[in-house]
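Participant: This is the structure I want to talk about, given as structure tokens.
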Amino acid sequence: MEPKPQRSAALLVVVLLILLAGLLQWVYFTHAATAPGAGLTALAQAELPRSGVTNPVTAVLLNYRALDTLLELSVLLTAMLGIWSLGPATPGYQQAGAVFAGLAAWVVPLLILSGGYLLWIGAKAPGGAFQAGALLAAAGVIQRLGGDPRASLPNESAQRWLAIAGIGIFALVGLATLVAGRGFLDYPLAWAGWLILLIETFATLTIATLLTAAYVGGQPPPSQTTATPGMHRMQAPDRKA
């Protein structure tokens with residue numbers, strides 16, 4: 001039976017969460033009642049031809065509120081740095097049997113192709129970097145479950161570069177628009193679509209790397225030659241004088 005102080009603390013947390021949920025609901029419904037209508041939808045749709053994409057969600061995330069998306073990637077990187085600070089990752093699972101290995105051989109390529117499709121179609125329809133990155137990360141999780149201790153991630157150095165690639169390209173594009181005399185991440189209309197695709201491509205790689213590494217759950221091992229799953233690296237025999 002739990003001690004009374006612990007039960008009281010747990011009850012207090014539950015009450016506070018209920019109050020917070022009630023407050024958020026009150027704010028939402030009060031705003032909906034006092035400001036009926038489309039809200040910002042009409043404004044977002046009116047600016048869509050100047051955004052470089054035709055999907056309004058992508059326009060909001062990568063154009064109107066691009067700085068917010070850049071900060072979201074930074075939060076994801078910060079969380080990953082916290083996980084890496086905990087020390088080395090735990091060993092991988094045992095090698096998969098024939099059934100799981102056969103399933104992975106079909107599913108992993110489909111996830112990679114689907115991720116590429118979602119990245120490309122995100123300018124016109126639901127999709128984009130976060131969805132594509134999540135599918136690529138799912139492929140890595142399947143590889144980890146199948147016995148690959150690295151979940152098909154590259155070596156330590158490449159992982160660290162991929163972890164910051166999306167944020168770095170995002171920031172460089174913003175700095176380039178500043179140098180060009182525009183606002184931060186204020187894309188010129190002629191280049192907006194291609195710049196958004198460039199940002200999303202590198203963001204996809206970063207998101208996939210960070211999510212997969214988070215599942216692995218520890219600092220990547222030092223750079224070394226990666227052994228083929230299911231095969232053991234041969235060691236040279238000791239030579240004695």
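Order determines the names: the first chain of the structure tokens is A, the second B, and so forth; residues in each chain are numbered 1 upward, and ligands are numbered 1 upward as they are shown.
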Just asking: which residues within segment 2-108 of chain A are helix (DSSP H, G or I) according to DSSP, as a PyMOL selection string?
Facilitator: chain A and resi 4-34+41-50+56-64+66-84+98-108
Participant: So which residues touch Thr58 of chain A within 10 Å, counting only C-alpha atoms, skipping near sequence neighbours fewer than 4 positions away, as a list in words?
Facilitator: Leu48, Ser51, Gly52, Val53, Thr54, Leu62, Asn63, Tyr64, Arg65, Ala66, Gly122, Ala123, Lys124, Ala125, Pro126, Gly127, Gly128, Ala129, Ile196 and Glu200 of chain A
Participant: Please produce an output containing N, CA and C atoms for each residue in the selection, written as a PDB file, in the first residue's frame.
Facilitator:
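File result_27.pdb, as written:
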```
ATOM      1  N   LEU A  48      -1.925  32.231 -49.827  1.00  0.00           N
ATOM      2  CA  LEU A  48      -1.406  30.955 -50.326  1.00  0.00           C
ATOM      3  C   LEU A  48      -0.677  31.080 -51.662  1.00  0.00           C
ATOM      4  N   SER A  51       2.973  31.751 -51.133  1.00  0.00           N
ATOM      5  CA  SER A  51       3.706  30.917 -50.188  1.00  0.00           C
ATOM      6  C   SER A  51       4.684  29.961 -50.847  1.00  0.00           C
ATOM      7  N   GLY A  52       4.492  29.661 -52.135  1.00  0.00           N
ATOM      8  CA  GLY A  52       5.346  28.704 -52.822  1.00  0.00           C
ATOM      9  C   GLY A  52       4.801  27.295 -52.830  1.00  0.00           C
ATOM     10  N   VAL A  53       3.700  27.044 -52.104  1.00  0.00           N
ATOM     11  CA  VAL A  53       3.071  25.725 -52.064  1.00  0.00           C
ATOM     12  C   VAL A  53       1.569  25.917 -52.170  1.00  0.00           C
ATOM     13  N   THR A  54       0.855  24.825 -52.419  1.00  0.00           N
ATOM     14  CA  THR A  54      -0.604  24.902 -52.516  1.00  0.00           C
ATOM     15  C   THR A  54      -1.304  24.219 -51.342  1.00  0.00           C
ATOM     16  N   LEU A  62       5.929  26.018 -43.015  1.00  0.00           N
ATOM     17  CA  LEU A  62       7.217  26.286 -43.652  1.00  0.00           C
ATOM     18  C   LEU A  62       7.332  27.690 -44.225  1.00  0.00           C
ATOM     19  N   ASN A  63       6.270  28.500 -44.114  1.00  0.00           N
ATOM     20  CA  ASN A  63       6.347  29.858 -44.630  1.00  0.00           C
ATOM     21  C   ASN A  63       5.830  30.860 -43.598  1.00  0.00           C
ATOM     22  N   TYR A  64       4.529  30.840 -43.337  1.00  0.00           N
ATOM     23  CA  TYR A  64       3.974  31.842 -42.426  1.00  0.00           C
ATOM     24  C   TYR A  64       4.608  31.752 -41.036  1.00  0.00           C
ATOM     25  N   ARG A  65       4.731  30.523 -40.522  1.00  0.00           N
ATOM     26  CA  ARG A  65       5.272  30.318 -39.171  1.00  0.00           C
ATOM     27  C   ARG A  65       6.514  29.446 -39.235  1.00  0.00           C
ATOM     28  N   ALA A  66       7.387  29.703 -40.199  1.00  0.00           N
ATOM     29  CA  ALA A  66       8.576  28.868 -40.383  1.00  0.00           C
ATOM     30  C   ALA A  66       9.488  28.911 -39.164  1.00  0.00           C
ATOM     31  N   GLY A 122       4.015  16.821 -50.005  1.00  0.00           N
ATOM     32  CA  GLY A 122       3.641  17.754 -48.944  1.00  0.00           C
ATOM     33  C   GLY A 122       3.358  19.161 -49.420  1.00  0.00           C
ATOM     34  N   ALA A 123       3.890  19.558 -50.579  1.00  0.00           N
ATOM     35  CA  ALA A 123       3.621  20.893 -51.102  1.00  0.00           C
ATOM     36  C   ALA A 123       2.207  21.021 -51.646  1.00  0.00           C
ATOM     37  N   LYS A 124       1.564  19.875 -51.955  1.00  0.00           N
ATOM     38  CA  LYS A 124       0.254  19.926 -52.588  1.00  0.00           C
ATOM     39  C   LYS A 124      -0.843  19.295 -51.748  1.00  0.00           C
ATOM     40  N   ALA A 125      -0.481  18.359 -50.888  1.00  0.00           N
ATOM     41  CA  ALA A 125      -1.463  17.582 -50.136  1.00  0.00           C
ATOM     42  C   ALA A 125      -0.878  17.252 -48.770  1.00  0.00           C
ATOM     43  N   PRO A 126      -1.679  16.649 -47.869  1.00  0.00           N
ATOM     44  CA  PRO A 126      -1.144  16.294 -46.553  1.00  0.00           C
ATOM     45  C   PRO A 126       0.124  15.461 -46.663  1.00  0.00           C
ATOM     46  N   GLY A 127       1.136  15.847 -45.935  1.00  0.00           N
ATOM     47  CA  GLY A 127       2.443  15.187 -45.953  1.00  0.00           C
ATOM     48  C   GLY A 127       3.480  16.141 -45.425  1.00  0.00           C
ATOM     49  N   GLY A 128       4.717  15.964 -45.815  1.00  0.00           N
ATOM     50  CA  GLY A 128       5.770  16.876 -45.393  1.00  0.00           C
ATOM     51  C   GLY A 128       6.855  16.183 -44.602  1.00  0.00           C
ATOM     52  N   ALA A 129       7.745  16.996 -44.031  1.00  0.00           N
ATOM     53  CA  ALA A 129       8.956  16.483 -43.399  1.00  0.00           C
ATOM     54  C   ALA A 129       8.670  15.634 -42.164  1.00  0.00           C
ATOM     55  N   ILE A 196      11.501  25.734 -49.779  1.00  0.00           N
ATOM     56  CA  ILE A 196      10.732  24.916 -48.838  1.00  0.00           C
ATOM     57  C   ILE A 196      11.057  23.440 -49.038  1.00  0.00           C
ATOM     58  N   GLU A 200      12.659  21.023 -46.228  1.00  0.00           N
ATOM     59  CA  GLU A 200      11.949  19.820 -45.806  1.00  0.00           C
ATOM     60  C   GLU A 200      12.769  18.551 -46.057  1.00  0.00           C
TER      61      GLU A 200
END
```
Participant: When distances are computed from only C-alpha atoms, which of A:Leu19, A:Gln94, A:Pro49, A:Phe202 shows the smallest separation from Phe170 of chain A?
Facilitator: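 Ranking A:Leu19, A:Gln94, A:Pro49, A:Phe202 by distance to Phe170 of chain A, first place goes to A:Phe202.
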Participant: Nearest to Ser74 of chain A among A:Gly166, A:Thr201, A:Pro188, A:Val216, with distances taken over only C-alpha atoms: which residue is it?
Facilitator: A:Gly166
Participant: Out of A:Val141, A:Val15, A:Leu76, A:Leu135, which residue has the shortest atom-to-atom distance to Ala104 of chain A when counting only C-alpha atoms?
Facilitator: A:Val141
Participant: Quick one: of A:Gln25, A:Thr90, A:Gln159, A:Gln45, who's nearest to Thr212 of chain A, counting only C-alpha atoms?
Facilitator: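 Nearest to Thr212 of chain A: A:Gln159.
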